[in-house]
>>> print(open('input_17.txt').read())   # compact mmCIF, C-alpha atoms and all ligand atoms
# COMPACT_ATOMS: atom_id res chain seq x y z
CA MET A 237 0.00 0.00 0.00
CA ILE A 238 1.54 3.30 -1.03
CA GLY A 239 -0.51 6.32 -0.10
CA ARG A 240 -3.76 4.53 -0.86
CA ARG A 241 -6.51 3.98 1.68
CA LEU A 242 -6.88 0.27 2.45
CA LEU A 243 -10.29 -1.32 1.86
CA ILE A 244 -11.29 -4.35 3.93
CA ALA A 245 -14.27 -6.08 2.37
CA GLY A 246 -16.30 -9.07 3.55
CA ASN A 247 -18.08 -11.21 0.99
CA TRP A 248 -20.68 -13.18 2.93
CA LYS A 249 -21.64 -15.28 -0.11
CA MET A 250 -24.75 -17.48 0.49
CA ASN A 251 -24.47 -17.42 4.28
CA LEU A 252 -26.55 -15.98 7.15
CA ASP A 253 -30.29 -15.36 7.23
CA LEU A 254 -31.85 -11.94 7.73
CA TYR A 255 -31.48 -11.98 11.51
CA GLY A 256 -27.91 -13.32 11.48
CA SER A 257 -26.89 -10.83 8.79
CA TYR A 258 -28.27 -7.87 10.68
CA GLN A 259 -26.58 -8.97 13.92
CA LEU A 260 -23.21 -9.40 12.23
CA ALA A 261 -23.55 -6.11 10.32
CA LYS A 262 -24.20 -4.28 13.59
CA MET A 263 -21.17 -5.91 15.23
CA VAL A 264 -18.95 -4.95 12.29
CA ALA A 265 -20.26 -1.37 12.24
CA GLU A 266 -19.72 -1.07 15.99
CA GLY A 267 -16.32 -2.79 16.04
CA THR A 268 -14.83 -0.76 13.20
CA LYS A 269 -16.38 2.65 13.73
CA SER A 270 -13.27 4.15 15.30
CA PHE A 271 -11.07 3.19 12.31
CA GLU A 272 -10.34 6.40 10.43
CA ASN A 273 -7.63 5.28 8.03
CA ILE A 274 -9.37 2.46 6.19
CA ASP A 275 -12.72 1.72 4.56
CA VAL A 276 -14.74 -1.30 5.65
CA LEU A 277 -17.31 -3.00 3.46
CA ILE A 278 -19.68 -5.93 3.90
CA SER A 279 -21.57 -7.77 1.21
CA PRO A 280 -24.64 -9.59 2.56
CA SER A 281 -27.16 -11.56 0.50
CA PHE A 282 -29.78 -9.67 -1.52
CA ILE A 283 -32.44 -10.62 1.04
CA SER A 284 -30.61 -8.77 3.81
CA LEU A 285 -29.55 -5.71 1.83
CA GLY A 286 -32.78 -3.81 2.43
CA VAL A 287 -32.73 -4.06 6.20
CA ILE A 288 -28.97 -3.54 6.54
CA GLY A 289 -28.88 -0.75 3.95
CA GLN A 290 -31.62 1.16 5.77
CA LYS A 291 -30.70 0.50 9.40
CA LEU A 292 -26.98 1.15 8.98
CA LYS A 293 -27.25 4.06 6.59
CA ASP A 294 -25.89 6.52 9.13
CA THR A 295 -22.74 4.50 9.81
CA GLU A 296 -19.45 4.58 7.88
CA LEU A 297 -19.83 0.96 6.85
CA LEU A 298 -19.94 0.43 3.07
CA ILE A 299 -22.41 -2.15 1.80
CA ALA A 300 -22.28 -4.05 -1.48
CA ALA A 301 -24.51 -6.43 -3.38
CA GLN A 302 -22.85 -9.65 -4.55
CA ASN A 303 -24.14 -9.48 -8.11
CA CYS A 304 -26.51 -7.55 -10.37
CA HIS A 305 -28.08 -7.75 -13.80
CA TYR A 306 -27.05 -5.59 -16.76
CA GLU A 307 -30.56 -4.62 -17.88
CA GLU A 308 -32.70 -1.96 -16.27
CA SER A 309 -35.78 -4.15 -15.80
CA GLY A 310 -37.83 -6.78 -17.62
CA ALA A 311 -38.45 -10.48 -18.01
CA PHE A 312 -35.41 -11.83 -16.16
CA THR A 313 -36.89 -14.12 -13.54
CA GLY A 314 -34.78 -14.34 -10.41
CA GLU A 315 -32.48 -11.45 -11.29
CA ILE A 316 -31.91 -8.17 -9.42
CA SER A 317 -31.45 -4.79 -11.09
CA LEU A 318 -29.21 -1.93 -10.04
CA ASP A 319 -32.25 0.27 -9.36
CA MET A 320 -33.56 -2.35 -6.93
CA ILE A 321 -30.21 -2.42 -5.17
CA ARG A 322 -29.99 1.35 -5.10
CA SER A 323 -33.45 1.56 -3.54
CA THR A 324 -32.02 -0.19 -0.44
CA GLY A 325 -29.47 2.61 -0.07
CA VAL A 326 -26.64 0.43 -1.40
CA ASN A 327 -24.36 1.70 -4.18
CA TRP A 328 -21.57 -0.87 -4.25
CA VAL A 329 -21.60 -4.18 -6.10
CA ILE A 330 -19.20 -7.11 -6.46
CA ILE A 331 -19.10 -8.35 -10.05
CA GLY A 332 -17.42 -11.34 -11.69
CA HIS A 333 -16.59 -13.34 -8.58
CA SER A 334 -15.02 -16.64 -9.62
CA GLU A 335 -18.02 -18.51 -8.18
CA ARG A 336 -20.30 -16.53 -10.52
CA ARG A 337 -17.95 -17.31 -13.40
CA ALA A 338 -17.47 -21.01 -12.65
CA LEU A 339 -20.88 -22.02 -11.25
CA PHE A 340 -23.23 -19.63 -13.04
CA GLY A 341 -21.61 -19.40 -16.44
CA GLU A 342 -20.56 -15.75 -16.38
CA SER A 343 -18.06 -15.24 -19.20
CA ASP A 344 -15.48 -12.45 -19.39
CA GLU A 345 -17.90 -10.66 -21.74
CA ILE A 346 -20.87 -10.88 -19.36
CA VAL A 347 -18.72 -9.74 -16.45
CA ALA A 348 -17.43 -6.79 -18.49
CA LYS A 349 -20.96 -5.87 -19.56
CA LYS A 350 -22.19 -5.87 -15.96
CA ILE A 351 -19.22 -3.82 -14.78
CA LYS A 352 -19.69 -1.26 -17.54
CA TYR A 353 -23.40 -0.98 -16.79
CA ALA A 354 -22.89 -0.61 -13.04
CA LEU A 355 -20.18 2.04 -13.43
CA LEU A 356 -22.30 3.91 -15.97
CA ASN A 357 -25.01 3.94 -13.33
CA ARG A 358 -22.61 5.43 -10.78
CA PHE A 359 -22.18 2.32 -8.68
CA HIS A 360 -18.85 1.50 -7.07
CA VAL A 361 -17.72 -1.86 -8.41
CA ILE A 362 -15.40 -4.53 -7.07
CA GLY A 363 -14.50 -6.40 -10.26
CA CYS A 364 -12.94 -9.81 -9.64
CA VAL A 365 -10.24 -11.57 -11.63
CA GLY A 366 -8.11 -14.63 -10.97
CA GLU A 367 -6.81 -17.89 -12.41
CA SER A 368 -7.73 -21.50 -11.63
CA LEU A 369 -5.35 -24.07 -10.18
CA GLU A 370 -4.90 -25.70 -13.55
CA GLN A 371 -4.09 -22.37 -15.16
CA ARG A 372 -1.53 -21.60 -12.45
CA GLU A 373 0.04 -25.03 -12.78
CA ASN A 374 0.35 -24.39 -16.51
CA ARG A 375 1.87 -20.98 -15.70
CA GLU A 376 -0.94 -19.25 -17.56
CA GLN A 377 -2.00 -16.98 -14.70
CA GLU A 378 -0.77 -13.74 -16.24
CA GLU A 379 -2.31 -14.50 -19.61
CA VAL A 380 -5.68 -15.35 -17.99
CA VAL A 381 -5.77 -12.29 -15.74
CA GLN A 382 -4.65 -10.05 -18.59
CA LYS A 383 -7.51 -11.27 -20.77
CA GLN A 384 -10.05 -10.79 -17.96
CA LEU A 385 -8.76 -7.26 -17.36
CA ASP A 386 -8.57 -6.33 -21.04
CA THR A 387 -12.22 -7.27 -21.46
CA ILE A 388 -13.27 -5.30 -18.39
CA LEU A 389 -11.19 -2.18 -19.02
CA ARG A 390 -11.39 -1.69 -22.77
CA ASP A 391 -14.72 0.15 -22.79
CA LEU A 392 -14.46 2.21 -19.63
CA SER A 393 -14.16 5.99 -19.59
CA GLU A 394 -11.86 7.85 -17.20
CA GLY A 395 -14.85 8.83 -15.05
CA GLU A 396 -16.10 5.26 -14.86
CA LEU A 397 -12.68 3.93 -13.89
CA GLU A 398 -12.69 6.14 -10.83
CA ASN A 399 -15.27 3.92 -9.15
CA LEU A 400 -13.65 0.60 -10.04
CA VAL A 401 -11.78 -1.54 -7.53
CA ILE A 402 -10.08 -4.73 -8.75
CA ALA A 403 -10.01 -7.87 -6.60
CA TYR A 404 -7.42 -10.50 -7.44
CA GLU A 405 -8.71 -13.82 -6.20
CA PRO A 406 -6.76 -16.88 -7.32
CA VAL A 407 -9.46 -19.56 -7.50
CA TRP A 408 -7.18 -22.18 -5.93
CA ALA A 409 -6.91 -20.05 -2.78
CA ILE A 410 -10.63 -19.47 -2.24
CA GLY A 411 -12.11 -21.37 0.68
CA THR A 412 -9.23 -23.84 0.59
CA GLY A 413 -7.11 -22.46 3.41
CA LYS A 414 -4.34 -22.22 0.79
CA THR A 415 -3.27 -18.61 0.52
CA ALA A 416 -1.10 -17.20 -2.19
CA THR A 417 2.22 -16.35 -0.59
CA PRO A 418 2.70 -12.62 -0.10
CA GLU A 419 5.27 -12.79 -2.91
CA GLN A 420 2.87 -14.57 -5.30
CA ALA A 421 0.11 -12.09 -4.50
CA GLU A 422 2.40 -9.06 -4.80
CA GLU A 423 3.75 -10.29 -8.12
CA MET A 424 0.26 -10.53 -9.57
CA HIS A 425 -0.86 -7.21 -8.08
CA GLU A 426 2.14 -5.51 -9.64
CA PHE A 427 1.27 -7.12 -12.96
CA ILE A 428 -2.36 -5.94 -12.67
CA ARG A 429 -1.22 -2.40 -11.92
CA LYS A 430 0.99 -2.50 -15.00
CA ILE A 431 -1.91 -3.58 -17.21
CA VAL A 432 -4.19 -0.91 -15.80
CA SER A 433 -1.45 1.68 -16.44
CA LYS A 434 -1.06 0.51 -20.00
CA ILE A 435 -4.78 0.61 -20.78
CA ALA A 436 -5.96 3.48 -18.62
CA GLY A 437 -2.85 5.58 -18.05
CA GLU A 438 -0.18 5.70 -15.39
CA ASP A 439 -2.16 7.81 -12.92
CA ARG A 440 -5.03 5.36 -12.89
CA GLY A 441 -2.58 2.46 -12.60
CA LYS A 442 -1.11 4.07 -9.50
CA SER A 443 -4.37 5.03 -7.84
CA ILE A 444 -6.60 2.04 -8.54
CA LEU A 445 -7.27 -0.13 -5.49
CA ILE A 446 -6.33 -3.78 -5.91
CA LEU A 447 -7.63 -6.15 -3.23
CA TYR A 448 -6.35 -9.64 -2.57
CA GLY A 449 -8.85 -12.43 -1.86
CA GLY A 450 -8.36 -16.11 -1.02
CA SER A 451 -8.20 -17.52 2.51
CA VAL A 452 -7.29 -14.19 4.10
CA SER A 453 -7.30 -14.67 7.87
CA LEU A 454 -6.11 -13.07 11.09
CA ARG A 455 -2.98 -15.14 10.73
CA ASN A 456 -1.86 -13.98 7.27
CA ALA A 457 -3.48 -10.55 6.89
CA GLU A 458 -0.58 -8.48 8.15
CA GLU A 459 1.95 -9.99 5.80
CA LEU A 460 -0.36 -9.66 2.81
CA LEU A 461 -1.50 -6.12 3.55
CA ASN A 462 2.08 -4.97 3.98
CA GLN A 463 2.85 -5.68 0.33
CA THR A 464 3.38 -2.58 -1.80
CA ASP A 465 0.65 -3.27 -4.34
CA ILE A 466 -1.98 -4.85 -2.08
CA ASP A 467 -4.55 -2.24 -1.11
CA GLY A 468 -6.90 -4.35 0.94
CA ALA A 469 -8.64 -7.69 1.10
CA LEU A 470 -11.81 -9.37 -0.09
CA ILE A 471 -12.56 -11.89 2.62
CA GLY A 472 -14.94 -14.84 2.54
CA GLY A 473 -14.88 -17.30 5.46
CA ALA A 474 -13.17 -15.00 7.96
CA SER A 475 -15.75 -12.26 7.31
CA LEU A 476 -18.53 -14.38 8.80
CA GLU A 477 -17.34 -13.82 12.37
CA ALA A 478 -17.11 -10.30 13.80
CA GLU A 479 -14.02 -11.22 15.78
CA SER A 480 -11.90 -12.28 12.83
CA PHE A 481 -13.23 -9.70 10.37
CA ASN A 482 -12.92 -6.78 12.77
CA GLY A 483 -9.51 -8.11 13.78
CA ILE A 484 -8.30 -8.03 10.17
CA ALA A 485 -9.72 -4.52 9.84
CA ALA A 486 -7.77 -3.51 12.96
CA ILE A 487 -4.55 -4.85 11.40
CA ALA A 488 -5.28 -2.83 8.27
CA GLU A 489 -5.98 0.28 10.33
CA ASP A 490 -2.62 -0.07 12.07
CA ILE A 491 -0.78 -0.51 8.77
CA SER A 492 -2.59 2.46 7.23
CA LYS A 493 -1.82 4.63 10.22
CA GLU A 494 1.87 3.70 10.16
CA GLN A 495 2.20 4.36 6.45
CA GLY A 496 -0.20 7.26 6.28
P1 LIG A 501 -12.27 -17.17 1.43
O1 LIG A 501 -11.73 -16.00 2.22
O2 LIG A 501 -13.29 -17.97 2.18
O3 LIG A 501 -11.18 -17.98 0.82
O4 LIG A 501 -13.09 -16.53 0.20
C1 LIG A 501 -12.49 -15.57 -0.59
C2 LIG A 501 -13.51 -14.98 -1.49
O5 LIG A 501 -13.99 -15.66 -2.38
C3 LIG A 501 -13.95 -13.61 -1.25
O6 LIG A 501 -14.72 -13.13 -2.30
>>> encode(input="input_17.txt", output="structure tokens", more="lines below")
Ligand code: 13P
Amino acid sequence: MIGRRLLIAGNWKMNLDLYGSYQLAKMVAEGTKSFENIDVLISPSFISLGVIGQKLKDTELLIAAQNCHYEESGAFTGEISLDMIRSTGVNWVIIGHSERRALFGESDEIVAKKIKYALLNRFHVIGCVGESLEQRENREQEEVVQKQLDTILRDLSEGELENLVIAYEPVWAIGTGKTATPEQAEEMHEFIRKIVSKIAGEDRGKSILILYGGSVSLRNAEELLNQTDIDGALIGGASLEAESFNGIAAIAEDISKEQG
């Protein structure tokens, strides 16, 4: 992290009912409210967004949806539009998570279309990229991530790019307890920054936030967040308990304060 404000984000995936989500959201808001040098975000299920978005609207906590559709409205049974999300008071969305790509057939093109649409509609977007185990074993990780990024970035204006955060989540490190080493993560983050610079200009390359995701925990957060090009974390499992998530946020706050 160099002069950028760290962002600690929790992706709750398909966990917690309405009651459990609201309880956890309150604990996170309470436990992180004194942190002035970082941003903290949670991403509950669609069902809980309304209650959490409304009840916590006067806190500093950022709230994101985990997905959205790229049309305004219409015959898309089971889908959620950006207007629906916005009506809950939420203006962040995670797009292109590897689980959406692998389990729900979202191609690079669909992910790029959603990201473009959300940015055009003034949402803040966490756009996810990352390679599979097989791709890493074949040493194709840079090629894969470059293609994902090219597709996302090629149509975005300077204004749209301002609200884009990239999350690098190597698929082999998600929910497996296997984290990329700080060196592996830093190497890829540096590569991502280079690509963003090439496509969107050096200033954007320097300022864009790049989060790391994949088995981030209290144990490894400090080492990861201390890397030059890692600007925060997108956390799955460890975001489901206030103790571990707030603890990681506290580590980030300390690092930000020291470097700030
Ligand atoms: P885990 O932290 O459970 O590995 O999940 C990472 C992730 O997918 C966050 O989006």
>>> residues_near_ligand(input="input_17.txt", ligand="ligand LIG 501 (chain A)", cutoff="8 Å", atoms="only C-alpha atoms and all ligand atoms", output="PyMOL selection string")
chain A and resi 246-249+333-335+405+407+409-413+415+449-453+470-475
>>> closest_residue(input="input_17.txt", among="A:Ala354, A:Ala478, A:Ile316, A:Ala261", to="A:Val329", atoms="only C-alpha atoms")
A:Ala354
>>> atom_distance(input="input_17.txt", atom1="atom CA of A:Ala485", atom2="atom CA of A:Ala421")
19.0 Å
>>> closest_residue(input="input_17.txt", among="A:Glu479, A:Asp465, A:Asp490, A:Asp391", to="A:Pro418", atoms="all atoms listed in the file")
A:Asp465
>>> closest_residue(input="input_17.txt", among="A:Thr387, A:Thr313, A:Gln382, A:Gln377", to="A:Ser343", atoms="all atoms listed in the file")
A:Thr387
>>> closest_residue(input="input_17.txt", among="A:Ile484, A:Val264, A:Val432, A:Ile278", to="A:Lys383", atoms="all atoms listed in the file")
A:Val432
>>> atom_distance(input="input_17.txt", atom1="atom CA of A:Leu389", atom2="atom CA of A:Ile435")
7.2 Å
>>> decode(input="input_17.txt", residues="stretch 376-399 of chain A", atoms="N, CA and C atoms", output="PDB file, in the first residue's frame")
ATOM      1  N   GLU A 376      -0.172 -20.129 -16.670  1.00  0.00           N
ATOM      2  CA  GLU A 376      -0.945 -19.253 -17.562  1.00  0.00           C
ATOM      3  C   GLU A 376      -1.586 -18.093 -16.814  1.00  0.00           C
ATOM      4  N   GLN A 377      -1.246 -17.943 -15.516  1.00  0.00           N
ATOM      5  CA  GLN A 377      -1.996 -16.976 -14.700  1.00  0.00           C
ATOM      6  C   GLN A 377      -1.973 -15.542 -15.248  1.00  0.00           C
ATOM      7  N   GLU A 378      -0.832 -15.130 -15.774  1.00  0.00           N
ATOM      8  CA  GLU A 378      -0.767 -13.742 -16.241  1.00  0.00           C
ATOM      9  C   GLU A 378      -1.614 -13.561 -17.495  1.00  0.00           C
ATOM     10  N   GLU A 379      -1.535 -14.552 -18.354  1.00  0.00           N
ATOM     11  CA  GLU A 379      -2.314 -14.495 -19.605  1.00  0.00           C
ATOM     12  C   GLU A 379      -3.822 -14.430 -19.293  1.00  0.00           C
ATOM     13  N   VAL A 380      -4.258 -15.274 -18.340  1.00  0.00           N
ATOM     14  CA  VAL A 380      -5.680 -15.350 -17.986  1.00  0.00           C
ATOM     15  C   VAL A 380      -6.146 -14.022 -17.375  1.00  0.00           C
ATOM     16  N   VAL A 381      -5.375 -13.527 -16.431  1.00  0.00           N
ATOM     17  CA  VAL A 381      -5.775 -12.290 -15.744  1.00  0.00           C
ATOM     18  C   VAL A 381      -5.722 -11.113 -16.726  1.00  0.00           C
ATOM     19  N   GLN A 382      -4.738 -11.132 -17.595  1.00  0.00           N
ATOM     20  CA  GLN A 382      -4.646 -10.050 -18.592  1.00  0.00           C
ATOM     21  C   GLN A 382      -5.889 -10.028 -19.488  1.00  0.00           C
ATOM     22  N   LYS A 383      -6.331 -11.208 -19.897  1.00  0.00           N
ATOM     23  CA  LYS A 383      -7.508 -11.271 -20.770  1.00  0.00           C
ATOM     24  C   LYS A 383      -8.751 -10.788 -20.010  1.00  0.00           C
ATOM     25  N   GLN A 384      -8.888 -11.231 -18.768  1.00  0.00           N
ATOM     26  CA  GLN A 384     -10.046 -10.793 -17.962  1.00  0.00           C
ATOM     27  C   GLN A 384     -10.039  -9.263 -17.825  1.00  0.00           C
ATOM     28  N   LEU A 385      -8.854  -8.718 -17.561  1.00  0.00           N
ATOM     29  CA  LEU A 385      -8.759  -7.262 -17.361  1.00  0.00           C
ATOM     30  C   LEU A 385      -8.976  -6.492 -18.657  1.00  0.00           C
ATOM     31  N   ASP A 386      -8.399  -6.994 -19.737  1.00  0.00           N
ATOM     32  CA  ASP A 386      -8.570  -6.326 -21.036  1.00  0.00           C
ATOM     33  C   ASP A 386     -10.048  -6.191 -21.349  1.00  0.00           C
ATOM     34  N   THR A 387     -10.790  -7.285 -21.130  1.00  0.00           N
ATOM     35  CA  THR A 387     -12.221  -7.274 -21.464  1.00  0.00           C
ATOM     36  C   THR A 387     -12.963  -6.278 -20.577  1.00  0.00           C
ATOM     37  N   ILE A 388     -12.590  -6.225 -19.313  1.00  0.00           N
ATOM     38  CA  ILE A 388     -13.268  -5.296 -18.394  1.00  0.00           C
ATOM     39  C   ILE A 388     -12.925  -3.843 -18.733  1.00  0.00           C
ATOM     40  N   LEU A 389     -11.646  -3.576 -18.962  1.00  0.00           N
ATOM     41  CA  LEU A 389     -11.187  -2.182 -19.015  1.00  0.00           C
ATOM     42  C   LEU A 389     -11.364  -1.506 -20.371  1.00  0.00           C
ATOM     43  N   ARG A 390     -11.513  -2.303 -21.442  1.00  0.00           N
ATOM     44  CA  ARG A 390     -11.390  -1.685 -22.771  1.00  0.00           C
ATOM     45  C   ARG A 390     -12.462  -0.637 -23.075  1.00  0.00           C
ATOM     46  N   ASP A 391     -13.638  -0.775 -22.454  1.00  0.00           N
ATOM     47  CA  ASP A 391     -14.716   0.155 -22.785  1.00  0.00           C
ATOM     48  C   ASP A 391     -14.988   1.196 -21.715  1.00  0.00           C
ATOM     49  N   LEU A 392     -14.131   1.317 -20.743  1.00  0.00           N
ATOM     50  CA  LEU A 392     -14.463   2.207 -19.625  1.00  0.00           C
ATOM     51  C   LEU A 392     -13.852   3.601 -19.797  1.00  0.00           C
ATOM     52  N   SER A 393     -14.649   4.615 -19.493  1.00  0.00           N
ATOM     53  CA  SER A 393     -14.155   5.988 -19.587  1.00  0.00           C
ATOM     54  C   SER A 393     -13.356   6.307 -18.317  1.00  0.00           C
ATOM     55  N   GLU A 394     -12.657   7.416 -18.363  1.00  0.00           N
ATOM     56  CA  GLU A 394     -11.855   7.849 -17.203  1.00  0.00           C
ATOM     57  C   GLU A 394     -12.761   8.006 -15.967  1.00  0.00           C
ATOM     58  N   GLY A 395     -13.926   8.609 -16.164  1.00  0.00           N
ATOM     59  CA  GLY A 395     -14.851   8.835 -15.048  1.00  0.00           C
ATOM     60  C   GLY A 395     -15.345   7.512 -14.465  1.00  0.00           C
ATOM     61  N   GLU A 396     -15.610   6.561 -15.338  1.00  0.00           N
ATOM     62  CA  GLU A 396     -16.101   5.255 -14.861  1.00  0.00           C
ATOM     63  C   GLU A 396     -15.020   4.520 -14.066  1.00  0.00           C
ATOM     64  N   LEU A 397     -13.784   4.638 -14.542  1.00  0.00           N
ATOM     65  CA  LEU A 397     -12.683   3.932 -13.886  1.00  0.00           C
ATOM     66  C   LEU A 397     -12.468   4.381 -12.440  1.00  0.00           C
ATOM     67  N   GLU A 398     -12.878   5.594 -12.177  1.00  0.00           N
ATOM     68  CA  GLU A 398     -12.687   6.141 -10.834  1.00  0.00           C
ATOM     69  C   GLU A 398     -13.397   5.308  -9.767  1.00  0.00           C
ATOM     70  N   ASN A 399     -14.499   4.692 -10.139  1.00  0.00           N
ATOM     71  CA  ASN A 399     -15.273   3.921  -9.150  1.00  0.00           C
ATOM     72  C   ASN A 399     -15.041   2.414  -9.240  1.00  0.00           C
TER      73      ASN A 399
END
